[in-house]
Structures are given as structure tokens and as C-alpha cells.
Amino acid sequence: MSAPTDALIIGAGPVGLFQAFQLGLQEIACQIVDALPHAGGQCVELYGDKPIYDLPGIPVCSGRELAERLLRQLAPFKVPLHLGQQVMSLAATADGRWRLQTSSGQVFLARAVIIAAGVGAFVPRRVAIDGLSAFEGGQVHYHQTDASRLAGQRVVVLGGEDAALDTALRLAGSGHCASVTLLHRNTKFKAEAALEQALRQAVARGAIALKVGQPVGIETADSGARLAALQIATGDDSSETLAVDALLPRLGLSPKLGPIADWGLAMERKLLSVDPATQATALAGIHAVGDICHYLAKRKLLLCGFHEATLAAFALATYLRPEQRQLLQYTTTSPRLHELLGVAGSSART
């Protein structure tokens, strides 16, 4: 079953979300696809709790807060988000549309495509242990998981970088888990000094257990239906088992351009070349915005990505409705934009 739409946005990061908002102002129906299981892209996955200081009018906010704000702003347009799936193929159709298929088998037919994929699809680095993949999504969680879902469980966080330490500290502080163990191959971490200090304090007071070793195998229960323990190789050539109800590997994310590199788009240094006036690629109806695009004097800043999304939306309005004159309207004064945003009749400044 295919889903027709005026435009499909690849990427639900901040620029992709703002792109959808700008398309909404142009009354262009769109949908969004992202490989991550949540909106916010790199800002949430890598910098969820870190401060951002260079957004106009917002002195400081976290990556997660920015994503939440953008989703609230986008809410009036009711844009469908298709998360946890990667766009794998793109092909032109006889009627001038683009056919795209995702890793889950979802098919889209779009008159236009906007690639807002940042530096590529973020794919978590997997744990190479036989049989472990069978428990992904049930007991093995590679992406952020709400602490309440782990209530009463023995949780093992695997890794030694910022994401691992932050996850362990967050879960320990929630009070939901029966126990929280940080498993790392040694006692040296590649993390911010403040995070490492907080972790060592949590270990000292018994809130987090620190286990040094490398997971090499698993043990199961209930005839193989449940992950019961990890087999751990320690530094003295011995091994031991570590009981686990939930495993949260935090080994980093690997951004991969993936299938986009095979779509016949002009590229420079693994970035998509675009016309800076319209963000259009060399293929009609396909535009690129944010960190994935390249043009003379390009700067990889959120502010620039938001500007690119605005240019792309106006350009696509002309491309999709060539017979109509495109008017520049302002959200402060336009009754039509007020109607679209659900603030019709409001005299409030937007």
C-alpha cells in the first residue's frame, strides 16, 4: 500500500521539522520519515541534555527542548511521522512523481522530496554477540528508553562515553530500576569531566555498580525466550556472568549516508550539491536542506538550516503550483496563516 503526498521529508531532526512547518504555511501536505525511533535527530540522540546558545530569541535550550518546541509549533498541521525506518530506494515514476520505499516496506509516492538527513541516518553501533539481536526492542534497547519502562528491572548500561554515563546516571536517579550497572571494558572513560565525576560519586554511594569487562556471550531462560545474563570476559583471562533484565548498549552512533549516495544526485565531499536560492538538487522536485547540503559559503549551523528550509518551501510552492502567484505572507498579520495555525481571530503576535 502506497502513501501519496505532495512532499516527503527525509529526516526528523530540527531542520526537517521546521521544513514541515514551512511547507504547512505554504499549504503543501507532507510526511516525514526518520531512521531514529523519535523526532529530533542528532540534537536529541547525541545532545539531548546539552545546552544550545545560538538560536535567535532563545538564550539557551537543550536539544530535547528544541525538538519539543518544534513539534509543538508543527502540531497544527498534523504531519504524519514515520519513525524507526530508513528510506532505502528512490525512483521516478511515469507520472512525474517519486516512489520511495523504506526499510520497513512502507512505500511513498511524492511529488517532491526534501532531504534533511543531516550527516546521514544515525545507526547505533551494535553489540556483536551471537543471539543478542533476537532481544532487540524487548530487552535490548539501543535508543533512549523511558525509565518507567524499566521499573523493577536489573539494568546494564554498556559503554564508556557520554551517552553511557548519562544514561546510567539518569536511570539511577529515577528510582525505577531494581539496579543499574555500568559495564565498560576498563575504568577509563571518554566522557566529560563533570559526567565522570558524577558517575564515580554514584558508584561510591552504591547507586550504580561499575563492572569492568567485555561482554562475549549471553545466557537465556524460559527455553530461550528471555535474556537472563551476559557472559563477561574480565581482564585477568577469567569470565563471569552478569544477570540482566534490560541491556542498554551506548556505544555511539554511526552516521551513514546509506542509499542516498546511490540516487544519482550530484555530490561534493559526500554532501548534496544544491542551488542556494532554492535548495534544489539537479533532479527536479528533489531538494536538500541542513547539514547534508552543500553550496558556496555553506555553514553547518541550525540557523542556516532553518533559512534553507524556508527557501525550499517557497521554491516548492512554485514548483508544485506553477499556475499560482506566490505571495509573501506574515504570521503577524495574515488571516489565512492564522487560520492554518489555529489562531484565527487572535490579535496576539506569533
# chains A, B, ... in the order shown; residues from 1 in each chain; ligands from 1
>>> residues_around(residues="Leu169 of chain A", least_positions_apart="6", cutoff="8 Å", atoms="only C-alpha atoms", output="list in words")
Ala198, Leu199, Ala202 and Ile208 of chain A
>>> write_last_selection(atoms="N, CA and C atoms", output="JSON list (two decimals), in the first residue's frame")
[["chain", "number", "residue", "atom", "x", "y", "z"],
["A", 198, "ALA", "N", 30.36, 12.73, 38.38],
["A", 198, "ALA", "CA", 29.04, 12.35, 38.89],
["A", 198, "ALA", "C", 28.89, 10.83, 38.94],
["A", 199, "LEU", "N", 29.42, 10.16, 37.91],
["A", 199, "LEU", "CA", 29.35, 8.70, 37.90],
["A", 199, "LEU", "C", 30.12, 8.10, 39.06],
["A", 202, "ALA", "N", 28.29, 8.41, 42.20],
["A", 202, "ALA", "CA", 27.17, 7.48, 42.27],
["A", 202, "ALA", "C", 27.63, 6.07, 42.58],
["A", 208, "ILE", "N", 25.09, 3.14, 41.61],
["A", 208, "ILE", "CA", 25.44, 2.48, 40.37],
["A", 208, "ILE", "C", 26.57, 1.50, 40.64]]
>>> residues_around(residues="Leu195 of chain A", least_positions_apart="3", cutoff="8 Å", atoms="only C-alpha atoms", output="list in words")
Asp162, Leu165, Asp166, Ala191, Glu192, Ala198 and Leu199 of chain A
>>> residues_around(residues="Arg72 of chain A", least_positions_apart="6", cutoff="12 Å", atoms="only C-alpha atoms", output="list in words")
Leu17, Phe18, Phe21, Ala39, Glu65, Leu66, Lys78, Val79 and Leu341 of chain A
>>> closest_atom_pairs(of="segment 90-175 of chain A", to="segment 271-294 of chain A", cutoff="12 Å", atoms="only C-alpha atoms", output="JSON lines")
{"residue": "A:Leu90", "atom": "CA", "partner": "A:Ile286", "partner_atom": "CA", "distance": 10.6}
{"residue": "A:Ala91", "atom": "CA", "partner": "A:Leu283", "partner_atom": "CA", "distance": 11.1}
{"residue": "A:Ala92", "atom": "CA", "partner": "A:Leu283", "partner_atom": "CA", "distance": 9.9}
{"residue": "A:Gly96", "atom": "CA", "partner": "A:Gly285", "partner_atom": "CA", "distance": 9.2}
{"residue": "A:Arg97", "atom": "CA", "partner": "A:Gly285", "partner_atom": "CA", "distance": 8.4}
{"residue": "A:Trp98", "atom": "CA", "partner": "A:Gly285", "partner_atom": "CA", "distance": 8.5}
{"residue": "A:Arg99", "atom": "CA", "partner": "A:Ile286", "partner_atom": "CA", "distance": 12.0}
{"residue": "A:Ala110", "atom": "CA", "partner": "A:Gly285", "partner_atom": "CA", "distance": 9.2}
{"residue": "A:Arg111", "atom": "CA", "partner": "A:Gly285", "partner_atom": "CA", "distance": 6.8}
{"residue": "A:Ala112", "atom": "CA", "partner": "A:Gly285", "partner_atom": "CA", "distance": 4.5}
{"residue": "A:Val113", "atom": "CA", "partner": "A:Ile286", "partner_atom": "CA", "distance": 4.8}
{"residue": "A:Ile114", "atom": "CA", "partner": "A:His287", "partner_atom": "CA", "distance": 4.7}
{"residue": "A:Ile115", "atom": "CA", "partner": "A:Ala288", "partner_atom": "CA", "distance": 4.5}
{"residue": "A:Ala116", "atom": "CA", "partner": "A:Val289", "partner_atom": "CA", "distance": 5.2}
{"residue": "A:Ala117", "atom": "CA", "partner": "A:Ile292", "partner_atom": "CA", "distance": 6.1}
{"residue": "A:Gly118", "atom": "CA", "partner": "A:Asp291", "partner_atom": "CA", "distance": 4.6}
{"residue": "A:Val119", "atom": "CA", "partner": "A:Ile292", "partner_atom": "CA", "distance": 5.4}
{"residue": "A:Gly120", "atom": "CA", "partner": "A:Ile292", "partner_atom": "CA", "distance": 7.3}
{"residue": "A:Ala121", "atom": "CA", "partner": "A:Ile292", "partner_atom": "CA", "distance": 10.6}
>>> select_by_dssp(residues="segment 30-272 of chain A", states="strand (DSSP E or B)", output="PyMOL selection string")
chain A and resi 30-34+51-52+55+58+61-62+81-83+87-92+98-102+107-115+121-124+136+140+154-158+161+179-184+190+209-212+214-221+226-233+239-243+246-249+253-256+267-268+271-272
>>> residues_around(residues="Gly152 of chain A", least_positions_apart="3", cutoff="8 Å", atoms="only C-alpha atoms", output="count of residues only")
4
>>> atom_distance(atom1="atom CA of Pro59 of chain A", atom2="atom CA of Ser334 of chain A")
28.1 Å
>>> atom_distance(atom1="atom CA of Gly16 of chain A", atom2="atom CA of Leu265 of chain A")
19.1 Å
>>> residues_around(residues="Arg185 of chain A", least_positions_apart="6", cutoff="9 Å", atoms="only C-alpha atoms", output="ChimeraX atom specification")
/A:159-160,211-215,234-235
>>> closest_residue(among="A:Leu182, A:Leu251, A:Leu327, A:Leu316", to="Leu46 of chain A", atoms="only C-alpha atoms")
A:Leu251
>>> closest_residue(among="A:Leu25, A:Cys304, A:Ala309, A:Ile58", to="Ile9 of chain A", atoms="only C-alpha atoms")
A:Ala309
>>> residues_around(residues="Arg336 of chain A", least_positions_apart="4", cutoff="12 Å", atoms="only C-alpha atoms", output="JSON, numbers by chain")
{"A": [24, 25, 26, 27, 327, 328, 329, 330, 331, 332, 340, 341, 342, 343, 344, 345, 346]}
>>> write_last_selection(atoms="C-alpha atoms", output="mmCIF file, in the first residue's frame")
data_model
loop_
_atom_site.group_PDB
_atom_site.id
_atom_site.type_symbol
_atom_site.label_atom_id
_atom_site.label_comp_id
_atom_site.auth_asym_id
_atom_site.auth_seq_id
_atom_site.Cartn_x
_atom_site.Cartn_y
_atom_site.Cartn_z
ATOM 1 C CA GLY A 24 2.453 23.837 6.107
ATOM 2 C CA LEU A 25 2.469 27.624 5.803
ATOM 3 C CA GLN A 26 2.607 27.118 2.031
ATOM 4 C CA GLU A 27 -0.308 24.647 2.290
ATOM 5 C CA LEU A 327 2.596 35.732 -2.148
ATOM 6 C CA LEU A 328 4.773 36.529 0.830
ATOM 7 C CA GLN A 329 2.546 36.477 3.915
ATOM 8 C CA TYR A 330 3.418 37.226 7.517
ATOM 9 C CA THR A 331 2.201 35.262 10.526
ATOM 10 C CA THR A 332 1.718 38.552 12.381
ATOM 11 C CA LEU A 340 -3.838 27.427 9.279
ATOM 12 C CA LEU A 341 -2.146 27.796 12.662
ATOM 13 C CA GLY A 342 -5.417 27.602 14.567
ATOM 14 C CA VAL A 343 -5.176 31.161 15.907
ATOM 15 C CA ALA A 344 -7.846 32.696 13.652
ATOM 16 C CA GLY A 345 -9.270 35.860 15.184
ATOM 17 C CA SER A 346 -6.338 36.226 17.556
#
>>> closest_residue(among="A:Ile260, A:Val33, A:Ala243, A:Ile52", to="Gln85 of chain A", atoms="only C-alpha atoms")
A:Val33
>>> residues_around(residues="Glu240 of chain A", least_positions_apart="3", cutoff="9 Å", atoms="only C-alpha atoms", output="list of chain:residue names")
A:Leu230, A:Gln231, A:Ile232, A:Ala233, A:Thr234
>>> decode(residues="segment 199-241 of chain A", atoms="N, CA and C atoms", output="PDB file, in the first residue's frame")
ATOM      1  N   LEU A 199      29.422  10.156  37.912  1.00  0.00           N
ATOM      2  CA  LEU A 199      29.345   8.697  37.904  1.00  0.00           C
ATOM      3  C   LEU A 199      30.119   8.100  39.064  1.00  0.00           C
ATOM      4  N   ARG A 200      31.343   8.545  39.271  1.00  0.00           N
ATOM      5  CA  ARG A 200      32.169   7.977  40.340  1.00  0.00           C
ATOM      6  C   ARG A 200      31.548   8.240  41.710  1.00  0.00           C
ATOM      7  N   GLN A 201      30.896   9.370  41.854  1.00  0.00           N
ATOM      8  CA  GLN A 201      30.193   9.645  43.113  1.00  0.00           C
ATOM      9  C   GLN A 201      29.021   8.683  43.288  1.00  0.00           C
ATOM     10  N   ALA A 202      28.293   8.414  42.199  1.00  0.00           N
ATOM     11  CA  ALA A 202      27.168   7.484  42.266  1.00  0.00           C
ATOM     12  C   ALA A 202      27.634   6.072  42.581  1.00  0.00           C
ATOM     13  N   VAL A 203      28.778   5.688  42.024  1.00  0.00           N
ATOM     14  CA  VAL A 203      29.342   4.367  42.321  1.00  0.00           C
ATOM     15  C   VAL A 203      29.760   4.292  43.785  1.00  0.00           C
ATOM     16  N   ALA A 204      30.369   5.359  44.295  1.00  0.00           N
ATOM     17  CA  ALA A 204      30.851   5.379  45.678  1.00  0.00           C
ATOM     18  C   ALA A 204      29.711   5.239  46.686  1.00  0.00           C
ATOM     19  N   ARG A 205      28.559   5.800  46.352  1.00  0.00           N
ATOM     20  CA  ARG A 205      27.440   5.710  47.301  1.00  0.00           C
ATOM     21  C   ARG A 205      26.522   4.520  47.025  1.00  0.00           C
ATOM     22  N   GLY A 206      26.895   3.708  46.022  1.00  0.00           N
ATOM     23  CA  GLY A 206      26.162   2.477  45.760  1.00  0.00           C
ATOM     24  C   GLY A 206      24.957   2.616  44.866  1.00  0.00           C
ATOM     25  N   ALA A 207      24.773   3.791  44.248  1.00  0.00           N
ATOM     26  CA  ALA A 207      23.624   3.984  43.374  1.00  0.00           C
ATOM     27  C   ALA A 207      23.822   3.280  42.034  1.00  0.00           C
ATOM     28  N   ILE A 208      25.085   3.140  41.614  1.00  0.00           N
ATOM     29  CA  ILE A 208      25.440   2.475  40.368  1.00  0.00           C
ATOM     30  C   ILE A 208      26.573   1.500  40.636  1.00  0.00           C
ATOM     31  N   ALA A 209      26.471   0.314  40.067  1.00  0.00           N
ATOM     32  CA  ALA A 209      27.571  -0.656  40.155  1.00  0.00           C
ATOM     33  C   ALA A 209      28.417  -0.531  38.893  1.00  0.00           C
ATOM     34  N   LEU A 210      29.737  -0.526  39.055  1.00  0.00           N
ATOM     35  CA  LEU A 210      30.655  -0.445  37.919  1.00  0.00           C
ATOM     36  C   LEU A 210      31.292  -1.814  37.713  1.00  0.00           C
ATOM     37  N   LYS A 211      31.097  -2.381  36.536  1.00  0.00           N
ATOM     38  CA  LYS A 211      31.652  -3.690  36.204  1.00  0.00           C
ATOM     39  C   LYS A 211      32.639  -3.516  35.051  1.00  0.00           C
ATOM     40  N   VAL A 212      33.856  -3.999  35.254  1.00  0.00           N
ATOM     41  CA  VAL A 212      34.890  -3.905  34.226  1.00  0.00           C
ATOM     42  C   VAL A 212      34.988  -5.238  33.491  1.00  0.00           C
ATOM     43  N   GLY A 213      34.812  -5.190  32.179  1.00  0.00           N
ATOM     44  CA  GLY A 213      34.882  -6.405  31.387  1.00  0.00           C
ATOM     45  C   GLY A 213      34.253  -6.205  30.028  1.00  0.00           C
ATOM     46  N   GLN A 214      34.298  -7.230  29.223  1.00  0.00           N
ATOM     47  CA  GLN A 214      33.775  -7.179  27.869  1.00  0.00           C
ATOM     48  C   GLN A 214      32.740  -8.289  27.688  1.00  0.00           C
ATOM     49  N   PRO A 215      31.517  -7.950  27.236  1.00  0.00           N
ATOM     50  CA  PRO A 215      30.514  -9.000  27.021  1.00  0.00           C
ATOM     51  C   PRO A 215      30.908  -9.869  25.824  1.00  0.00           C
ATOM     52  N   VAL A 216      30.862 -11.183  26.019  1.00  0.00           N
ATOM     53  CA  VAL A 216      31.276 -12.106  24.950  1.00  0.00           C
ATOM     54  C   VAL A 216      30.195 -13.130  24.610  1.00  0.00           C
ATOM     55  N   GLY A 217      29.167 -13.218  25.429  1.00  0.00           N
ATOM     56  CA  GLY A 217      28.112 -14.188  25.173  1.00  0.00           C
ATOM     57  C   GLY A 217      26.899 -13.894  26.028  1.00  0.00           C
ATOM     58  N   ILE A 218      25.840 -14.661  25.810  1.00  0.00           N
ATOM     59  CA  ILE A 218      24.615 -14.470  26.582  1.00  0.00           C
ATOM     60  C   ILE A 218      24.143 -15.799  27.143  1.00  0.00           C
ATOM     61  N   GLU A 219      23.324 -15.706  28.187  1.00  0.00           N
ATOM     62  CA  GLU A 219      22.619 -16.853  28.729  1.00  0.00           C
ATOM     63  C   GLU A 219      21.131 -16.535  28.699  1.00  0.00           C
ATOM     64  N   THR A 220      20.328 -17.515  28.346  1.00  0.00           N
ATOM     65  CA  THR A 220      18.889 -17.296  28.224  1.00  0.00           C
ATOM     66  C   THR A 220      18.119 -18.168  29.200  1.00  0.00           C
ATOM     67  N   ALA A 221      16.851 -17.860  29.342  1.00  0.00           N
ATOM     68  CA  ALA A 221      15.949 -18.639  30.205  1.00  0.00           C
ATOM     69  C   ALA A 221      14.623 -18.808  29.485  1.00  0.00           C
ATOM     70  N   ASP A 222      13.749 -19.590  30.086  1.00  0.00           N
ATOM     71  CA  ASP A 222      12.425 -19.846  29.515  1.00  0.00           C
ATOM     72  C   ASP A 222      12.529 -20.377  28.092  1.00  0.00           C
ATOM     73  N   SER A 223      13.376 -21.399  27.938  1.00  0.00           N
ATOM     74  CA  SER A 223      13.566 -22.052  26.640  1.00  0.00           C
ATOM     75  C   SER A 223      14.042 -21.080  25.558  1.00  0.00           C
ATOM     76  N   GLY A 224      14.875 -20.137  25.970  1.00  0.00           N
ATOM     77  CA  GLY A 224      15.456 -19.193  25.031  1.00  0.00           C
ATOM     78  C   GLY A 224      14.631 -17.961  24.773  1.00  0.00           C
ATOM     79  N   ALA A 225      13.488 -17.838  25.453  1.00  0.00           N
ATOM     80  CA  ALA A 225      12.604 -16.706  25.196  1.00  0.00           C
ATOM     81  C   ALA A 225      13.017 -15.439  25.927  1.00  0.00           C
ATOM     82  N   ARG A 226      13.881 -15.588  26.942  1.00  0.00           N
ATOM     83  CA  ARG A 226      14.248 -14.420  27.752  1.00  0.00           C
ATOM     84  C   ARG A 226      15.758 -14.345  27.923  1.00  0.00           C
ATOM     85  N   LEU A 227      16.296 -13.128  27.781  1.00  0.00           N
ATOM     86  CA  LEU A 227      17.698 -12.876  28.071  1.00  0.00           C
ATOM     87  C   LEU A 227      17.868 -12.839  29.583  1.00  0.00           C
ATOM     88  N   ALA A 228      18.753 -13.692  30.099  1.00  0.00           N
ATOM     89  CA  ALA A 228      18.901 -13.805  31.555  1.00  0.00           C
ATOM     90  C   ALA A 228      20.213 -13.235  32.066  1.00  0.00           C
ATOM     91  N   ALA A 229      21.284 -13.357  31.291  1.00  0.00           N
ATOM     92  CA  ALA A 229      22.587 -12.907  31.785  1.00  0.00           C
ATOM     93  C   ALA A 229      23.543 -12.682  30.626  1.00  0.00           C
ATOM     94  N   LEU A 230      24.575 -11.899  30.905  1.00  0.00           N
ATOM     95  CA  LEU A 230      25.676 -11.699  29.970  1.00  0.00           C
ATOM     96  C   LEU A 230      26.883 -12.483  30.469  1.00  0.00           C
ATOM     97  N   GLN A 231      27.611 -13.055  29.535  1.00  0.00           N
ATOM     98  CA  GLN A 231      28.894 -13.660  29.856  1.00  0.00           C
ATOM     99  C   GLN A 231      29.957 -12.593  29.666  1.00  0.00           C
ATOM    100  N   ILE A 232      30.716 -12.341  30.738  1.00  0.00           N
ATOM    101  CA  ILE A 232      31.672 -11.238  30.748  1.00  0.00           C
ATOM    102  C   ILE A 232      33.097 -11.766  30.816  1.00  0.00           C
ATOM    103  N   ALA A 233      33.927 -11.328  29.865  1.00  0.00           N
ATOM    104  CA  ALA A 233      35.362 -11.632  29.919  1.00  0.00           C
ATOM    105  C   ALA A 233      36.035 -10.512  30.694  1.00  0.00           C
ATOM    106  N   THR A 234      36.760 -10.871  31.763  1.00  0.00           N
ATOM    107  CA  THR A 234      37.431  -9.885  32.596  1.00  0.00           C
ATOM    108  C   THR A 234      38.906  -9.781  32.202  1.00  0.00           C
ATOM    109  N   GLY A 235      39.583  -8.803  32.784  1.00  0.00           N
ATOM    110  CA  GLY A 235      40.957  -8.533  32.394  1.00  0.00           C
ATOM    111  C   GLY A 235      41.961  -9.578  32.802  1.00  0.00           C
ATOM    112  N   ASP A 236      41.612 -10.491  33.682  1.00  0.00           N
ATOM    113  CA  ASP A 236      42.573 -11.499  34.152  1.00  0.00           C
ATOM    114  C   ASP A 236      42.344 -12.846  33.466  1.00  0.00           C
ATOM    115  N   ASP A 237      41.823 -12.807  32.241  1.00  0.00           N
ATOM    116  CA  ASP A 237      41.595 -14.016  31.439  1.00  0.00           C
ATOM    117  C   ASP A 237      40.563 -14.956  32.048  1.00  0.00           C
ATOM    118  N   SER A 238      39.757 -14.443  32.943  1.00  0.00           N
ATOM    119  CA  SER A 238      38.677 -15.249  33.505  1.00  0.00           C
ATOM    120  C   SER A 238      37.347 -14.691  33.004  1.00  0.00           C
ATOM    121  N   SER A 239      36.265 -15.323  33.379  1.00  0.00           N
ATOM    122  CA  SER A 239      34.950 -14.862  32.948  1.00  0.00           C
ATOM    123  C   SER A 239      33.954 -15.019  34.085  1.00  0.00           C
ATOM    124  N   GLU A 240      32.865 -14.314  33.968  1.00  0.00           N
ATOM    125  CA  GLU A 240      31.800 -14.405  34.951  1.00  0.00           C
ATOM    126  C   GLU A 240      30.488 -14.052  34.268  1.00  0.00           C
ATOM    127  N   THR A 241      29.391 -14.280  34.941  1.00  0.00           N
ATOM    128  CA  THR A 241      28.087 -13.945  34.391  1.00  0.00           C
ATOM    129  C   THR A 241      27.515 -12.742  35.132  1.00  0.00           C
TER     130      THR A 241
END
